[in-house]
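Engineer: File data.cif below, mmCIF, N, CA and C atoms:
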data_work
loop_
_atom_site.label_atom_id
_atom_site.label_comp_id
_atom_site.auth_asym_id
_atom_site.auth_seq_id
_atom_site.Cartn_x
_atom_site.Cartn_y
_atom_site.Cartn_z
N MET Y 16 4.76 -23.14 34.20
CA MET Y 16 4.01 -23.05 32.96
C MET Y 16 2.55 -22.73 33.26
N THR Y 17 1.94 -21.93 32.42
CA THR Y 17 0.55 -21.54 32.65
C THR Y 17 -0.39 -22.58 32.06
N SER Y 18 -1.59 -22.62 32.61
CA SER Y 18 -2.58 -23.56 32.10
C SER Y 18 -3.24 -22.98 30.85
N PRO Y 19 -3.79 -23.84 29.99
CA PRO Y 19 -4.45 -23.35 28.78
C PRO Y 19 -5.64 -22.46 29.13
N MET Y 20 -5.94 -21.57 28.23
CA MET Y 20 -7.06 -20.66 28.44
C MET Y 20 -8.37 -21.42 28.17
N SER Y 21 -9.33 -21.28 29.08
CA SER Y 21 -10.63 -21.92 28.87
C SER Y 21 -11.44 -21.12 27.84
N ARG Y 22 -12.47 -21.73 27.35
CA ARG Y 22 -13.33 -21.05 26.38
C ARG Y 22 -13.92 -19.78 26.99
N GLU Y 23 -14.34 -19.86 28.25
CA GLU Y 23 -14.93 -18.71 28.93
C GLU Y 23 -13.90 -17.59 29.08
N ASP Y 24 -12.67 -17.96 29.45
CA ASP Y 24 -11.60 -16.97 29.55
C ASP Y 24 -11.35 -16.32 28.19
N GLY Y 25 -11.35 -17.13 27.15
CA GLY Y 25 -11.15 -16.60 25.80
C GLY Y 25 -12.26 -15.66 25.40
N ASP Y 26 -13.49 -16.02 25.73
CA ASP Y 26 -14.63 -15.16 25.41
C ASP Y 26 -14.54 -13.83 26.15
N ARG Y 27 -14.16 -13.88 27.43
CA ARG Y 27 -14.02 -12.63 28.20
C ARG Y 27 -12.88 -11.77 27.65
N PHE Y 28 -11.78 -12.43 27.30
CA PHE Y 28 -10.63 -11.72 26.73
C PHE Y 28 -11.04 -11.01 25.44
N ARG Y 29 -11.72 -11.74 24.55
CA ARG Y 29 -12.16 -11.15 23.28
C ARG Y 29 -13.14 -10.00 23.51
N ALA Y 30 -14.06 -10.17 24.46
CA ALA Y 30 -15.04 -9.11 24.76
C ALA Y 30 -14.34 -7.84 25.24
N ARG Y 31 -13.31 -8.01 26.09
CA ARG Y 31 -12.57 -6.83 26.56
C ARG Y 31 -11.88 -6.11 25.40
N TRP Y 32 -11.24 -6.89 24.51
CA TRP Y 32 -10.56 -6.26 23.38
C TRP Y 32 -11.53 -5.63 22.41
N GLU Y 33 -12.69 -6.23 22.21
CA GLU Y 33 -13.69 -5.61 21.33
C GLU Y 33 -14.18 -4.30 21.93
N ALA Y 34 -14.40 -4.27 23.26
CA ALA Y 34 -14.81 -3.03 23.93
C ALA Y 34 -13.72 -1.98 23.80
N PHE Y 35 -12.48 -2.40 23.99
CA PHE Y 35 -11.35 -1.48 23.85
C PHE Y 35 -11.30 -0.91 22.43
N ALA Y 36 -11.44 -1.78 21.42
CA ALA Y 36 -11.37 -1.34 20.03
C ALA Y 36 -12.50 -0.37 19.71
N ARG Y 37 -13.71 -0.65 20.23
CA ARG Y 37 -14.85 0.26 20.01
C ARG Y 37 -14.54 1.63 20.59
N ARG Y 38 -14.06 1.64 21.82
CA ARG Y 38 -13.75 2.91 22.50
C ARG Y 38 -12.66 3.67 21.76
N GLU Y 39 -11.65 2.96 21.29
CA GLU Y 39 -10.57 3.61 20.55
C GLU Y 39 -11.10 4.22 19.25
N ARG Y 40 -11.96 3.49 18.54
CA ARG Y 40 -12.55 4.05 17.30
C ARG Y 40 -13.37 5.30 17.59
N GLU Y 41 -14.14 5.26 18.70
CA GLU Y 41 -14.93 6.44 19.08
C GLU Y 41 -14.03 7.64 19.34
N GLU Y 42 -12.95 7.42 20.07
CA GLU Y 42 -12.02 8.51 20.38
C GLU Y 42 -11.38 9.06 19.11
N LEU Y 43 -10.99 8.17 18.20
CA LEU Y 43 -10.36 8.64 16.97
C LEU Y 43 -11.35 9.42 16.09
N ARG Y 44 -12.59 8.98 16.06
CA ARG Y 44 -13.60 9.72 15.28
C ARG Y 44 -13.86 11.09 15.87
N ALA Y 45 -13.81 11.18 17.19
CA ALA Y 45 -14.08 12.46 17.86
C ALA Y 45 -12.89 13.41 17.81
N MET Y 46 -11.71 12.90 17.51
CA MET Y 46 -10.50 13.72 17.52
C MET Y 46 -10.50 14.69 16.33
N SER Y 47 -10.08 15.90 16.60
CA SER Y 47 -10.03 16.90 15.53
C SER Y 47 -8.85 16.61 14.59
N PRO Y 48 -8.95 17.08 13.35
CA PRO Y 48 -7.82 16.92 12.43
C PRO Y 48 -6.53 17.53 12.98
N GLU Y 49 -6.65 18.64 13.71
CA GLU Y 49 -5.48 19.28 14.28
C GLU Y 49 -4.78 18.37 15.30
N ASP Y 50 -5.60 17.71 16.14
CA ASP Y 50 -5.02 16.78 17.12
C ASP Y 50 -4.37 15.59 16.44
N LYS Y 51 -5.01 15.08 15.39
CA LYS Y 51 -4.43 13.96 14.64
C LYS Y 51 -3.09 14.38 14.02
N PHE Y 52 -3.05 15.59 13.49
CA PHE Y 52 -1.81 16.10 12.91
C PHE Y 52 -0.73 16.22 13.98
N ARG Y 53 -1.11 16.75 15.16
CA ARG Y 53 -0.13 16.89 16.25
C ARG Y 53 0.44 15.53 16.67
N GLN Y 54 -0.42 14.52 16.74
CA GLN Y 54 0.06 13.20 17.11
C GLN Y 54 1.02 12.63 16.06
N THR Y 55 0.68 12.84 14.79
CA THR Y 55 1.54 12.37 13.71
C THR Y 55 2.89 13.09 13.76
N ALA Y 56 2.85 14.40 13.97
CA ALA Y 56 4.09 15.18 14.07
C ALA Y 56 4.94 14.69 15.25
N ALA Y 57 4.29 14.35 16.36
CA ALA Y 57 5.03 13.85 17.52
C ALA Y 57 5.70 12.53 17.21
N LEU Y 58 5.04 11.67 16.45
CA LEU Y 58 5.64 10.39 16.06
C LEU Y 58 6.88 10.61 15.19
N PHE Y 59 6.78 11.53 14.23
CA PHE Y 59 7.93 11.83 13.38
C PHE Y 59 9.07 12.42 14.20
N ALA Y 60 8.73 13.30 15.14
CA ALA Y 60 9.76 13.91 15.98
C ALA Y 60 10.45 12.87 16.85
N SER Y 61 9.67 11.91 17.37
CA SER Y 61 10.28 10.88 18.21
C SER Y 61 11.20 9.98 17.39
N ALA Y 62 10.86 9.73 16.14
CA ALA Y 62 11.74 8.93 15.28
C ALA Y 62 13.08 9.64 15.11
N GLN Y 63 13.04 10.94 14.94
CA GLN Y 63 14.29 11.70 14.83
C GLN Y 63 15.05 11.70 16.14
N ALA Y 64 14.34 11.88 17.26
CA ALA Y 64 14.99 11.94 18.56
C ALA Y 64 15.69 10.63 18.91
N PHE Y 65 15.11 9.52 18.48
CA PHE Y 65 15.71 8.21 18.78
C PHE Y 65 16.73 7.78 17.73
N GLY Y 66 16.93 8.62 16.72
CA GLY Y 66 17.92 8.30 15.70
C GLY Y 66 17.46 7.26 14.68
N TRP Y 67 16.14 7.14 14.52
CA TRP Y 67 15.61 6.15 13.59
C TRP Y 67 15.48 6.68 12.18
N SER Y 68 15.65 7.97 11.98
CA SER Y 68 15.44 8.57 10.65
C SER Y 68 16.35 7.95 9.61
N GLU Y 69 17.61 7.74 9.97
CA GLU Y 69 18.55 7.17 9.01
C GLU Y 69 18.15 5.74 8.63
N ALA Y 70 17.75 4.96 9.63
CA ALA Y 70 17.35 3.57 9.37
C ALA Y 70 16.11 3.53 8.48
N LEU Y 71 15.16 4.41 8.75
CA LEU Y 71 13.94 4.46 7.94
C LEU Y 71 14.25 4.92 6.53
N ALA Y 72 15.13 5.90 6.39
CA ALA Y 72 15.50 6.41 5.07
C ALA Y 72 16.22 5.34 4.26
N SER Y 73 16.98 4.48 4.92
CA SER Y 73 17.71 3.45 4.19
C SER Y 73 16.76 2.45 3.54
N GLU Y 74 15.56 2.31 4.07
CA GLU Y 74 14.57 1.38 3.51
C GLU Y 74 13.62 2.05 2.52
N GLU Y 75 13.73 3.34 2.38
CA GLU Y 75 12.78 4.10 1.57
C GLU Y 75 12.76 3.64 0.12
N GLU Y 76 13.90 3.41 -0.47
CA GLU Y 76 13.95 3.00 -1.88
C GLU Y 76 13.27 1.66 -2.09
N ALA Y 77 13.47 0.73 -1.17
CA ALA Y 77 12.82 -0.58 -1.28
C ALA Y 77 11.30 -0.44 -1.18
N VAL Y 78 10.84 0.43 -0.31
CA VAL Y 78 9.40 0.65 -0.16
C VAL Y 78 8.84 1.28 -1.43
N ARG Y 79 9.54 2.26 -1.98
CA ARG Y 79 9.09 2.88 -3.23
C ARG Y 79 9.00 1.85 -4.36
N ALA Y 80 9.98 0.95 -4.42
CA ALA Y 80 9.98 -0.09 -5.46
C ALA Y 80 8.78 -1.03 -5.28
N ARG Y 81 8.46 -1.37 -4.03
CA ARG Y 81 7.30 -2.24 -3.78
C ARG Y 81 6.01 -1.57 -4.23
N TRP Y 82 5.84 -0.29 -3.87
CA TRP Y 82 4.63 0.42 -4.28
C TRP Y 82 4.55 0.55 -5.79
N LYS Y 83 5.68 0.73 -6.44
CA LYS Y 83 5.69 0.81 -7.89
C LYS Y 83 5.20 -0.50 -8.49
N ARG Y 84 5.70 -1.62 -7.96
CA ARG Y 84 5.26 -2.94 -8.46
C ARG Y 84 3.77 -3.15 -8.23
N ILE Y 85 3.28 -2.72 -7.08
CA ILE Y 85 1.85 -2.85 -6.78
C ILE Y 85 1.01 -2.05 -7.77
N ARG Y 86 1.43 -0.79 -8.02
CA ARG Y 86 0.67 0.05 -8.97
C ARG Y 86 0.68 -0.56 -10.36
N GLU Y 87 1.84 -1.07 -10.79
CA GLU Y 87 1.94 -1.67 -12.13
C GLU Y 87 1.07 -2.92 -12.23
N THR Y 88 1.06 -3.72 -11.17
CA THR Y 88 0.24 -4.93 -11.17
C THR Y 88 -1.24 -4.56 -11.24
N LEU Y 89 -1.65 -3.56 -10.49
CA LEU Y 89 -3.06 -3.16 -10.52
C LEU Y 89 -3.46 -2.56 -11.87
N ARG Y 90 -2.56 -1.86 -12.51
CA ARG Y 90 -2.85 -1.29 -13.84
C ARG Y 90 -3.06 -2.38 -14.89
N GLU Y 91 -2.33 -3.50 -14.74
CA GLU Y 91 -2.42 -4.59 -15.70
C GLU Y 91 -3.73 -5.35 -15.61
N ARG Y 92 -4.43 -5.23 -14.53
CA ARG Y 92 -5.70 -5.97 -14.34
C ARG Y 92 -6.82 -5.38 -15.11
#
Kindly transcribe the structure held in the file into structure tokens.
Structural biologist:
Amino acid sequence: MTSPMSREDGDRFRARWEAFARREREELRAMSPEDKFRQTAALFASAQAFGWSEALASEEEAVRARWKRIRETLRER
């Protein structure tokens, strides 16, 4: 069993993740729309290659119903 994380270890861990998140945001801001589109297209293609399209499609109606309820609730406010 591992020992509990000390406060200093936690602070260092958080600092590393904050640095990582900053760098990731910088890279995403610098990325061209074309590159972002290519990455999105690659994700969709991988879903098809792994056979996930059918599973995702089976949940589509439930997702549409949730968004419909959200829109209706926001309109009522």
Engineer: Between atom N of Arg22 (chain Y) and atom N of Glu39 (chain Y), what is the distance, to one decimal in Å?
Structural biologist: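 So the answer is 25.4 Å.
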Engineer: Between atom C of Phe52 (chain Y) and CA of Ser68 (chain Y), what is the spacing in Å?
Structural biologist: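 We find that CA of Ser68 (chain Y) and atom C of Phe52 (chain Y) lie 18.2 Å from each other.
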Engineer: Could you tell me how far CA of Leu71 (chain Y) sits from atom C of Arg53 (chain Y), in Å to one decimal place?
Structural biologist: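 These atoms are spaced 19.5 Å apart.
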Engineer: Taking only chain Y into account, list the residues labelled alpha helix (DSSP H) by DSSP (computed from the backbone), as a count of residues only.
Structural biologist: 64
